[in-house]
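File shown: structure-v4.pdb. Contents: PDB, N, CA and C atoms, pLDDT in the B column.
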```pdb
ATOM      1  N   MET A   8      92.455  93.905  75.056  1.00 68.00           N
ATOM      2  CA  MET A   8      91.652  92.797  75.538  1.00 68.00           C
ATOM      3  C   MET A   8      90.770  93.336  76.676  1.00 68.00           C
ATOM      4  N   ASN A   9      89.469  93.145  76.559  1.00 79.00           N
ATOM      5  CA  ASN A   9      88.571  93.646  77.602  1.00 79.00           C
ATOM      6  C   ASN A   9      88.482  92.653  78.772  1.00 79.00           C
ATOM      7  N   ALA A  10      87.799  93.040  79.824  1.00 77.00           N
ATOM      8  CA  ALA A  10      87.760  92.248  81.052  1.00 77.00           C
ATOM      9  C   ALA A  10      87.089  90.891  80.850  1.00 77.00           C
ATOM     10  N   ILE A  11      86.065  90.826  80.018  1.00 83.00           N
ATOM     11  CA  ILE A  11      85.365  89.549  79.801  1.00 83.00           C
ATOM     12  C   ILE A  11      86.275  88.560  79.073  1.00 83.00           C
ATOM     13  N   LYS A  12      86.988  89.027  78.051  1.00 82.00           N
ATOM     14  CA  LYS A  12      87.925  88.145  77.345  1.00 82.00           C
ATOM     15  C   LYS A  12      89.052  87.704  78.274  1.00 82.00           C
ATOM     16  N   ARG A  13      89.529  88.622  79.126  1.00 79.00           N
ATOM     17  CA  ARG A  13      90.597  88.275  80.071  1.00 79.00           C
ATOM     18  C   ARG A  13      90.124  87.218  81.050  1.00 79.00           C
ATOM     19  N   ALA A  14      88.890  87.334  81.529  1.00 77.00           N
ATOM     20  CA  ALA A  14      88.373  86.369  82.499  1.00 77.00           C
ATOM     21  C   ALA A  14      88.202  84.987  81.882  1.00 77.00           C
ATOM     22  N   LYS A  15      87.918  84.937  80.587  1.00 82.00           N
ATOM     23  CA  LYS A  15      87.716  83.655  79.904  1.00 82.00           C
ATOM     24  C   LYS A  15      89.012  83.049  79.382  1.00 82.00           C
ATOM     25  N   ALA A  16      90.088  83.843  79.299  1.00 83.00           N
ATOM     26  CA  ALA A  16      91.360  83.356  78.774  1.00 83.00           C
ATOM     27  C   ALA A  16      92.027  82.407  79.775  1.00 83.00           C
ATOM     28  N   PRO A  17      92.931  81.549  79.286  1.00 86.00           N
ATOM     29  CA  PRO A  17      93.615  80.610  80.189  1.00 86.00           C
ATOM     30  C   PRO A  17      94.451  81.343  81.244  1.00 86.00           C
ATOM     31  N   THR A  18      94.423  80.817  82.456  1.00 86.00           N
ATOM     32  CA  THR A  18      95.173  81.385  83.573  1.00 86.00           C
ATOM     33  C   THR A  18      96.380  80.506  83.859  1.00 86.00           C
ATOM     34  N   PRO A  19      97.574  81.096  84.059  1.00 90.00           N
ATOM     35  CA  PRO A  19      98.755  80.289  84.395  1.00 90.00           C
ATOM     36  C   PRO A  19      98.559  79.527  85.714  1.00 90.00           C
ATOM     37  N   LYS A  20      99.267  78.406  85.852  1.00 92.00           N
ATOM     38  CA  LYS A  20      99.102  77.532  87.016  1.00 92.00           C
ATOM     39  C   LYS A  20      99.363  78.262  88.332  1.00 92.00           C
ATOM     40  N   PHE A  21     100.406  79.081  88.404  1.00 93.00           N
ATOM     41  CA  PHE A  21     100.714  79.802  89.643  1.00 93.00           C
ATOM     42  C   PHE A  21      99.544  80.667  90.075  1.00 93.00           C
ATOM     43  N   PHE A  22      98.911  81.337  89.131  1.00 92.00           N
ATOM     44  CA  PHE A  22      97.809  82.221  89.477  1.00 92.00           C
ATOM     45  C   PHE A  22      96.537  81.451  89.808  1.00 92.00           C
ATOM     46  N   LYS A  23      96.410  80.220  89.309  1.00 91.00           N
ATOM     47  CA  LYS A  23      95.291  79.375  89.727  1.00 91.00           C
ATOM     48  C   LYS A  23      95.433  79.016  91.200  1.00 91.00           C
ATOM     49  N   VAL A  24      96.655  78.674  91.613  1.00 94.00           N
ATOM     50  CA  VAL A  24      96.906  78.358  93.018  1.00 94.00           C
ATOM     51  C   VAL A  24      96.670  79.595  93.871  1.00 94.00           C
ATOM     52  N   LEU A  25      97.174  80.747  93.420  1.00 94.00           N
ATOM     53  CA  LEU A  25      96.993  81.996  94.148  1.00 94.00           C
ATOM     54  C   LEU A  25      95.514  82.370  94.252  1.00 94.00           C
ATOM     55  N   ARG A  26      94.749  82.128  93.189  1.00 93.00           N
ATOM     56  CA  ARG A  26      93.307  82.393  93.209  1.00 93.00           C
ATOM     57  C   ARG A  26      92.606  81.537  94.265  1.00 93.00           C
ATOM     58  N   ASN A  27      92.991  80.273  94.340  1.00 94.00           N
ATOM     59  CA  ASN A  27      92.382  79.381  95.331  1.00 94.00           C
ATOM     60  C   ASN A  27      92.731  79.807  96.760  1.00 94.00           C
ATOM     61  N   ILE A  28      93.948  80.269  96.970  1.00 95.00           N
ATOM     62  CA  ILE A  28      94.331  80.778  98.288  1.00 95.00           C
ATOM     63  C   ILE A  28      93.504  82.011  98.620  1.00 95.00           C
ATOM     64  N   GLY A  29      93.316  82.888  97.647  1.00 95.00           N
ATOM     65  CA  GLY A  29      92.489  84.077  97.859  1.00 95.00           C
ATOM     66  C   GLY A  29      91.054  83.726  98.201  1.00 95.00           C
ATOM     67  N   LEU A  30      90.506  82.733  97.524  1.00 95.00           N
ATOM     68  CA  LEU A  30      89.141  82.295  97.832  1.00 95.00           C
ATOM     69  C   LEU A  30      89.043  81.737  99.244  1.00 95.00           C
ATOM     70  N   ALA A  31      90.071  80.991  99.664  1.00 96.00           N
ATOM     71  CA  ALA A  31      90.073  80.456 101.022  1.00 96.00           C
ATOM     72  C   ALA A  31      90.145  81.586 102.055  1.00 96.00           C
ATOM     73  N   LEU A  32      90.998  82.586 101.799  1.00 95.00           N
ATOM     74  CA  LEU A  32      91.090  83.725 102.716  1.00 95.00           C
ATOM     75  C   LEU A  32      89.753  84.459 102.814  1.00 95.00           C
ATOM     76  N   ALA A  33      89.112  84.654 101.671  1.00 95.00           N
ATOM     77  CA  ALA A  33      87.820  85.333 101.666  1.00 95.00           C
ATOM     78  C   ALA A  33      86.775  84.525 102.437  1.00 95.00           C
ATOM     79  N   ALA A  34      86.812  83.215 102.303  1.00 96.00           N
ATOM     80  CA  ALA A  34      85.863  82.367 103.015  1.00 96.00           C
ATOM     81  C   ALA A  34      86.089  82.419 104.527  1.00 96.00           C
ATOM     82  N   VAL A  35      87.356  82.386 104.943  1.00 95.00           N
ATOM     83  CA  VAL A  35      87.663  82.466 106.369  1.00 95.00           C
ATOM     84  C   VAL A  35      87.232  83.818 106.923  1.00 95.00           C
ATOM     85  N   GLY A  36      87.535  84.879 106.184  1.00 94.00           N
ATOM     86  CA  GLY A  36      87.133  86.217 106.622  1.00 94.00           C
ATOM     87  C   GLY A  36      85.622  86.351 106.715  1.00 94.00           C
ATOM     88  N   GLY A  37      84.922  85.824 105.734  1.00 94.00           N
ATOM     89  CA  GLY A  37      83.461  85.870 105.757  1.00 94.00           C
ATOM     90  C   GLY A  37      82.874  85.071 106.904  1.00 94.00           C
ATOM     91  N   THR A  38      83.484  83.945 107.218  1.00 94.00           N
ATOM     92  CA  THR A  38      83.021  83.125 108.330  1.00 94.00           C
ATOM     93  C   THR A  38      83.210  83.856 109.658  1.00 94.00           C
ATOM     94  N   ILE A  39      84.344  84.523 109.806  1.00 93.00           N
ATOM     95  CA  ILE A  39      84.593  85.289 111.035  1.00 93.00           C
ATOM     96  C   ILE A  39      83.576  86.412 111.158  1.00 93.00           C
ATOM     97  N   LEU A  40      83.316  87.106 110.062  1.00 92.00           N
ATOM     98  CA  LEU A  40      82.367  88.217 110.108  1.00 92.00           C
ATOM     99  C   LEU A  40      80.938  87.758 110.381  1.00 92.00           C
ATOM    100  N   ALA A  41      80.598  86.570 109.919  1.00 93.00           N
ATOM    101  CA  ALA A  41      79.227  86.081 110.069  1.00 93.00           C
ATOM    102  C   ALA A  41      79.039  85.195 111.297  1.00 93.00           C
ATOM    103  N   ALA A  42      80.033  85.144 112.164  1.00 90.00           N
ATOM    104  CA  ALA A  42      79.946  84.293 113.352  1.00 90.00           C
ATOM    105  C   ALA A  42      78.733  84.694 114.209  1.00 90.00           C
ATOM    106  N   PRO A  43      77.985  83.709 114.703  1.00 90.00           N
ATOM    107  CA  PRO A  43      76.777  84.014 115.483  1.00 90.00           C
ATOM    108  C   PRO A  43      77.063  84.476 116.914  1.00 90.00           C
ATOM    109  N   VAL A  44      78.328  84.493 117.314  1.00 91.00           N
ATOM    110  CA  VAL A  44      78.694  84.938 118.655  1.00 91.00           C
ATOM    111  C   VAL A  44      79.402  86.284 118.562  1.00 91.00           C
ATOM    112  N   THR A  45      79.422  86.993 119.644  1.00 90.00           N
ATOM    113  CA  THR A  45      80.108  88.278 119.676  1.00 90.00           C
ATOM    114  C   THR A  45      81.607  88.041 119.829  1.00 90.00           C
ATOM    115  N   LEU A  46      82.363  88.555 118.875  1.00 90.00           N
ATOM    116  CA  LEU A  46      83.810  88.409 118.895  1.00 90.00           C
ATOM    117  C   LEU A  46      84.447  89.751 119.231  1.00 90.00           C
ATOM    118  N   PRO A  47      85.668  89.726 119.755  1.00 93.00           N
ATOM    119  CA  PRO A  47      86.363  90.991 120.011  1.00 93.00           C
ATOM    120  C   PRO A  47      86.529  91.809 118.730  1.00 93.00           C
ATOM    121  N   VAL A  48      86.629  93.105 118.892  1.00 93.00           N
ATOM    122  CA  VAL A  48      86.736  94.011 117.743  1.00 93.00           C
ATOM    123  C   VAL A  48      87.961  93.677 116.897  1.00 93.00           C
ATOM    124  N   LEU A  49      89.072  93.312 117.520  1.00 94.00           N
ATOM    125  CA  LEU A  49      90.286  92.981 116.777  1.00 94.00           C
ATOM    126  C   LEU A  49      90.055  91.798 115.837  1.00 94.00           C
ATOM    127  N   ILE A  50      89.399  90.767 116.319  1.00 94.00           N
ATOM    128  CA  ILE A  50      89.124  89.574 115.506  1.00 94.00           C
ATOM    129  C   ILE A  50      88.185  89.934 114.348  1.00 94.00           C
ATOM    130  N   THR A  51      87.182  90.740 114.625  1.00 93.00           N
ATOM    131  CA  THR A  51      86.249  91.160 113.585  1.00 93.00           C
ATOM    132  C   THR A  51      86.958  92.000 112.524  1.00 93.00           C
ATOM    133  N   SER A  52      87.855  92.860 112.959  1.00 95.00           N
ATOM    134  CA  SER A  52      88.622  93.675 112.004  1.00 95.00           C
ATOM    135  C   SER A  52      89.506  92.795 111.126  1.00 95.00           C
ATOM    136  N   ILE A  53      90.153  91.826 111.728  1.00 94.00           N
ATOM    137  CA  ILE A  53      90.999  90.900 110.966  1.00 94.00           C
ATOM    138  C   ILE A  53      90.152  90.133 109.955  1.00 94.00           C
ATOM    139  N   GLY A  54      88.967  89.715 110.359  1.00 94.00           N
ATOM    140  CA  GLY A  54      88.066  89.019 109.431  1.00 94.00           C
ATOM    141  C   GLY A  54      87.704  89.884 108.239  1.00 94.00           C
ATOM    142  N   GLY A  55      87.453  91.154 108.471  1.00 94.00           N
ATOM    143  CA  GLY A  55      87.148  92.072 107.375  1.00 94.00           C
ATOM    144  C   GLY A  55      88.319  92.232 106.425  1.00 94.00           C
ATOM    145  N   TYR A  56      89.505  92.375 106.988  1.00 96.00           N
ATOM    146  CA  TYR A  56      90.698  92.513 106.151  1.00 96.00           C
ATOM    147  C   TYR A  56      90.964  91.237 105.344  1.00 96.00           C
ATOM    148  N   LEU A  57      90.753  90.087 105.961  1.00 95.00           N
ATOM    149  CA  LEU A  57      90.940  88.823 105.249  1.00 95.00           C
ATOM    150  C   LEU A  57      89.969  88.701 104.078  1.00 95.00           C
ATOM    151  N   ALA A  58      88.725  89.077 104.309  1.00 95.00           N
ATOM    152  CA  ALA A  58      87.726  88.982 103.253  1.00 95.00           C
ATOM    153  C   ALA A  58      88.076  89.897 102.082  1.00 95.00           C
ATOM    154  N   VAL A  59      88.483  91.114 102.372  1.00 96.00           N
ATOM    155  CA  VAL A  59      88.843  92.057 101.302  1.00 96.00           C
ATOM    156  C   VAL A  59      90.098  91.599 100.578  1.00 96.00           C
ATOM    157  N   ALA A  60      91.125  91.219 101.328  1.00 96.00           N
ATOM    158  CA  ALA A  60      92.380  90.786 100.706  1.00 96.00           C
ATOM    159  C   ALA A  60      92.156  89.540  99.846  1.00 96.00           C
ATOM    160  N   GLY A  61      91.379  88.593 100.346  1.00 95.00           N
ATOM    161  CA  GLY A  61      91.094  87.391  99.571  1.00 95.00           C
ATOM    162  C   GLY A  61      90.346  87.692  98.289  1.00 95.00           C
ATOM    163  N   GLY A  62      89.398  88.611  98.355  1.00 94.00           N
ATOM    164  CA  GLY A  62      88.653  88.992  97.147  1.00 94.00           C
ATOM    165  C   GLY A  62      89.536  89.669  96.118  1.00 94.00           C
ATOM    166  N   VAL A  63      90.414  90.542  96.567  1.00 95.00           N
ATOM    167  CA  VAL A  63      91.317  91.234  95.641  1.00 95.00           C
ATOM    168  C   VAL A  63      92.300  90.259  95.011  1.00 95.00           C
ATOM    169  N   ILE A  64      92.882  89.382  95.823  1.00 95.00           N
ATOM    170  CA  ILE A  64      93.820  88.392  95.295  1.00 95.00           C
ATOM    171  C   ILE A  64      93.138  87.497  94.263  1.00 95.00           C
ATOM    172  N   SER A  65      91.932  87.052  94.559  1.00 93.00           N
ATOM    173  CA  SER A  65      91.207  86.183  93.626  1.00 93.00           C
ATOM    174  C   SER A  65      90.876  86.902  92.323  1.00 93.00           C
ATOM    175  N   ALA A  66      90.439  88.140  92.418  1.00 90.00           N
ATOM    176  CA  ALA A  66      90.070  88.889  91.211  1.00 90.00           C
ATOM    177  C   ALA A  66      91.282  89.157  90.328  1.00 90.00           C
ATOM    178  N   VAL A  67      92.369  89.587  90.926  1.00 91.00           N
ATOM    179  CA  VAL A  67      93.573  89.876  90.144  1.00 91.00           C
ATOM    180  C   VAL A  67      94.123  88.594  89.524  1.00 91.00           C
ATOM    181  N   SER A  68      94.117  87.504  90.282  1.00 90.00           N
ATOM    182  CA  SER A  68      94.626  86.234  89.756  1.00 90.00           C
ATOM    183  C   SER A  68      93.771  85.714  88.613  1.00 90.00           C
ATOM    184  N   GLN A  69      92.466  85.914  88.687  1.00 86.00           N
ATOM    185  CA  GLN A  69      91.581  85.444  87.624  1.00 86.00           C
ATOM    186  C   GLN A  69      91.798  86.229  86.337  1.00 86.00           C
ATOM    187  N   LEU A  70      92.123  87.499  86.443  1.00 85.00           N
ATOM    188  CA  LEU A  70      92.290  88.326  85.252  1.00 85.00           C
ATOM    189  C   LEU A  70      93.701  88.273  84.676  1.00 85.00           C
ATOM    190  N   THR A  71      94.605  87.518  85.295  1.00 86.00           N
ATOM    191  CA  THR A  71      95.951  87.341  84.764  1.00 86.00           C
ATOM    192  C   THR A  71      95.915  86.241  83.717  1.00 86.00           C
ATOM    193  N   THR A  72      96.463  86.531  82.538  1.00 85.00           N
ATOM    194  CA  THR A  72      96.412  85.557  81.445  1.00 85.00           C
ATOM    195  C   THR A  72      97.807  85.251  80.925  1.00 85.00           C
ATOM    196  N   GLU A  73      97.877  84.192  80.170  1.00 79.00           N
ATOM    197  CA  GLU A  73      99.123  83.845  79.483  1.00 79.00           C
ATOM    198  C   GLU A  73      99.244  84.692  78.231  1.00 79.00           C
ATOM    199  N   LYS A  74     100.484  84.898  77.788  1.00 71.00           N
ATOM    200  CA  LYS A  74     100.678  85.621  76.527  1.00 71.00           C
ATOM    201  C   LYS A  74     100.243  84.735  75.371  1.00 71.00           C
ATOM    202  N   ALA A  75     100.015  85.338  74.226  1.00 58.00           N
ATOM    203  CA  ALA A  75      99.517  84.613  73.061  1.00 58.00           C
ATOM    204  C   ALA A  75     100.477  83.517  72.610  1.00 58.00           C
ATOM    205  N   ASP A  76     101.787  83.712  72.797  1.00 51.00           N
ATOM    206  CA  ASP A  76     102.748  82.723  72.351  1.00 51.00           C
ATOM    207  C   ASP A  76     102.958  81.600  73.366  1.00 51.00           C
ATOM    208  N   GLY A  77     102.238  81.650  74.499  1.00 51.00           N
ATOM    209  CA  GLY A  77     102.303  80.591  75.494  1.00 51.00           C
ATOM    210  C   GLY A  77     103.303  80.846  76.596  1.00 51.00           C
ATOM    211  N   SER A  78     104.170  81.856  76.453  1.00 51.00           N
ATOM    212  CA  SER A  78     105.127  82.157  77.526  1.00 51.00           C
ATOM    213  C   SER A  78     104.456  82.995  78.584  1.00 51.00           C
ATOM    214  N   GLN A  79     105.095  83.086  79.749  1.00 51.00           N
ATOM    215  CA  GLN A  79     104.483  83.818  80.867  1.00 51.00           C
ATOM    216  C   GLN A  79     105.224  85.069  81.156  1.00 51.00           C
TER     217      GLN A  79
END
```
For this file, produce the structure as structure tokens.
Amino acid sequence: MNAIKRAKAPTPKFFKVLRNIGLALAAVGGTILAAPVTLPVLITSIGGYLAVAGGVISAVSQLTTEKADGSQ
């Protein structure tokens, strides 16, 4: 199964929730990075890590599919 078919296939409920959490983490990280004020380096680093971790979690969760027989 190639990546396009995997992305279009049904995703189990747990991974849908995990995908949404990943999207939220990525959004928070992006907001921290794009803040119009100067933030401490530690906060900026955390924002970068949140954005990357959220993107990875969302991508992996989206490509997780159910088996053909419906079991997980």
* Which residues in chain A does DSSP call alpha helix (DSSP H)? List them as a PyMOL selection string. -> chain A and resi 10-15+20-40+48-69
* **Residue nearest Ala34 (chain A) among A:Leu49, A:Val63, A:Ala16, A:Leu57 (counting only N, CA and C atoms)** => A:Leu57
Extract, using only C-alpha atoms, all DNA, RNA and protein residues at most 7 Å from Arg26 (chain A), discarding same-chain residues fewer than 4 positions from it, and format them as a PDB file with N, CA and C atoms, in the coordinates of the input.
```pdb
ATOM      1  N   PHE A  22      98.911  81.337  89.131  1.00 92.00           N
ATOM      2  CA  PHE A  22      97.809  82.221  89.477  1.00 92.00           C
ATOM      3  C   PHE A  22      96.537  81.451  89.808  1.00 92.00           C
ATOM      4  N   LEU A  30      90.506  82.733  97.524  1.00 95.00           N
ATOM      5  CA  LEU A  30      89.141  82.295  97.832  1.00 95.00           C
ATOM      6  C   LEU A  30      89.043  81.737  99.244  1.00 95.00           C
ATOM      7  N   ILE A  64      92.882  89.382  95.823  1.00 95.00           N
ATOM      8  CA  ILE A  64      93.820  88.392  95.295  1.00 95.00           C
ATOM      9  C   ILE A  64      93.138  87.497  94.263  1.00 95.00           C
ATOM     10  N   SER A  65      91.932  87.052  94.559  1.00 93.00           N
ATOM     11  CA  SER A  65      91.207  86.183  93.626  1.00 93.00           C
ATOM     12  C   SER A  65      90.876  86.902  92.323  1.00 93.00           C
ATOM     13  N   SER A  68      94.117  87.504  90.282  1.00 90.00           N
ATOM     14  CA  SER A  68      94.626  86.234  89.756  1.00 90.00           C
ATOM     15  C   SER A  68      93.771  85.714  88.613  1.00 90.00           C
ATOM     16  N   GLN A  69      92.466  85.914  88.687  1.00 86.00           N
ATOM     17  CA  GLN A  69      91.581  85.444  87.624  1.00 86.00           C
ATOM     18  C   GLN A  69      91.798  86.229  86.337  1.00 86.00           C
TER      19      GLN A  69
END
```
* Asked: Could you write out as a ChimeraX atom specification the residues that the PyMOL selection byres (((chain A and resi 32 and name CA) around 10) and name CA) matches in the shown file?
  -> /A:26-31,33-38,54,56-62,64-65
* Excluding Thr18 (chain A) and residues on its chain fewer than 2 positions from it, collect all residues at most 8 Å away from it, counting only N, CA and C atoms, and give them as a list in words. => Arg13, Ala14, Lys15, Ala16, Lys20, Phe21, Phe22, Lys23, Val24, Ser68, Gln69, Leu70, Thr71, Thr72 and Glu73 of chain A
Residues from last step as file, N, CA and C atoms, as a PDB file, keeping the file's coordinate frame:
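Produced file again-v1.pdb, reproduced below:
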```pdb
ATOM      1  N   ARG A  13      89.529  88.622  79.126  1.00 79.00           N
ATOM      2  CA  ARG A  13      90.597  88.275  80.071  1.00 79.00           C
ATOM      3  C   ARG A  13      90.124  87.218  81.050  1.00 79.00           C
ATOM      4  N   ALA A  14      88.890  87.334  81.529  1.00 77.00           N
ATOM      5  CA  ALA A  14      88.373  86.369  82.499  1.00 77.00           C
ATOM      6  C   ALA A  14      88.202  84.987  81.882  1.00 77.00           C
ATOM      7  N   LYS A  15      87.918  84.937  80.587  1.00 82.00           N
ATOM      8  CA  LYS A  15      87.716  83.655  79.904  1.00 82.00           C
ATOM      9  C   LYS A  15      89.012  83.049  79.382  1.00 82.00           C
ATOM     10  N   ALA A  16      90.088  83.843  79.299  1.00 83.00           N
ATOM     11  CA  ALA A  16      91.360  83.356  78.774  1.00 83.00           C
ATOM     12  C   ALA A  16      92.027  82.407  79.775  1.00 83.00           C
ATOM     13  N   LYS A  20      99.267  78.406  85.852  1.00 92.00           N
ATOM     14  CA  LYS A  20      99.102  77.532  87.016  1.00 92.00           C
ATOM     15  C   LYS A  20      99.363  78.262  88.332  1.00 92.00           C
ATOM     16  N   PHE A  21     100.406  79.081  88.404  1.00 93.00           N
ATOM     17  CA  PHE A  21     100.714  79.802  89.643  1.00 93.00           C
ATOM     18  C   PHE A  21      99.544  80.667  90.075  1.00 93.00           C
ATOM     19  N   PHE A  22      98.911  81.337  89.131  1.00 92.00           N
ATOM     20  CA  PHE A  22      97.809  82.221  89.477  1.00 92.00           C
ATOM     21  C   PHE A  22      96.537  81.451  89.808  1.00 92.00           C
ATOM     22  N   LYS A  23      96.410  80.220  89.309  1.00 91.00           N
ATOM     23  CA  LYS A  23      95.291  79.375  89.727  1.00 91.00           C
ATOM     24  C   LYS A  23      95.433  79.016  91.200  1.00 91.00           C
ATOM     25  N   VAL A  24      96.655  78.674  91.613  1.00 94.00           N
ATOM     26  CA  VAL A  24      96.906  78.358  93.018  1.00 94.00           C
ATOM     27  C   VAL A  24      96.670  79.595  93.871  1.00 94.00           C
ATOM     28  N   SER A  68      94.117  87.504  90.282  1.00 90.00           N
ATOM     29  CA  SER A  68      94.626  86.234  89.756  1.00 90.00           C
ATOM     30  C   SER A  68      93.771  85.714  88.613  1.00 90.00           C
ATOM     31  N   GLN A  69      92.466  85.914  88.687  1.00 86.00           N
ATOM     32  CA  GLN A  69      91.581  85.444  87.624  1.00 86.00           C
ATOM     33  C   GLN A  69      91.798  86.229  86.337  1.00 86.00           C
ATOM     34  N   LEU A  70      92.123  87.499  86.443  1.00 85.00           N
ATOM     35  CA  LEU A  70      92.290  88.326  85.252  1.00 85.00           C
ATOM     36  C   LEU A  70      93.701  88.273  84.676  1.00 85.00           C
ATOM     37  N   THR A  71      94.605  87.518  85.295  1.00 86.00           N
ATOM     38  CA  THR A  71      95.951  87.341  84.764  1.00 86.00           C
ATOM     39  C   THR A  71      95.915  86.241  83.717  1.00 86.00           C
ATOM     40  N   THR A  72      96.463  86.531  82.538  1.00 85.00           N
ATOM     41  CA  THR A  72      96.412  85.557  81.445  1.00 85.00           C
ATOM     42  C   THR A  72      97.807  85.251  80.925  1.00 85.00           C
ATOM     43  N   GLU A  73      97.877  84.192  80.170  1.00 79.00           N
ATOM     44  CA  GLU A  73      99.123  83.845  79.483  1.00 79.00           C
ATOM     45  C   GLU A  73      99.244  84.692  78.231  1.00 79.00           C
TER      46      GLU A  73
END
```
* Asked: Just how far from CA of Ala41 (chain A) is CA of Val67 (chain A), in Å to one decimal?
  -> 24.8 Å
Can you sort out the box for region 44-47 of chain A, edges along x, y and z, all listed atoms in, 6 Å on every side, with centre and edge lengths in Å to one decimal, as lines of an AutoDock Vina configuration file?
```
center_x = 82.4
center_y = 88.2
center_z = 118.7
size_x = 20.2
size_y = 19.3
size_z = 14.7
```
* Distance atom N of Gly55 (chain A)-atom C of Ala10 (chain A), one decimal place? ->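 Spanning atom N of Gly55 (chain A) to atom C of Ala10 (chain A) is a straight-line distance of 27.6 Å.
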* Computed interatomic separation between CA of Leu40 (chain A) and atom N of Leu25 (chain A) (Å) ->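 Separation of CA of Leu40 (chain A) and atom N of Leu25 (chain A): 23.5 Å.
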* So, counting only N, CA and C atoms, which residue among A:Val44, A:Pro17, A:Ile53, A:Ile11 is closest to Lys74 (chain A)? -> A:Pro17
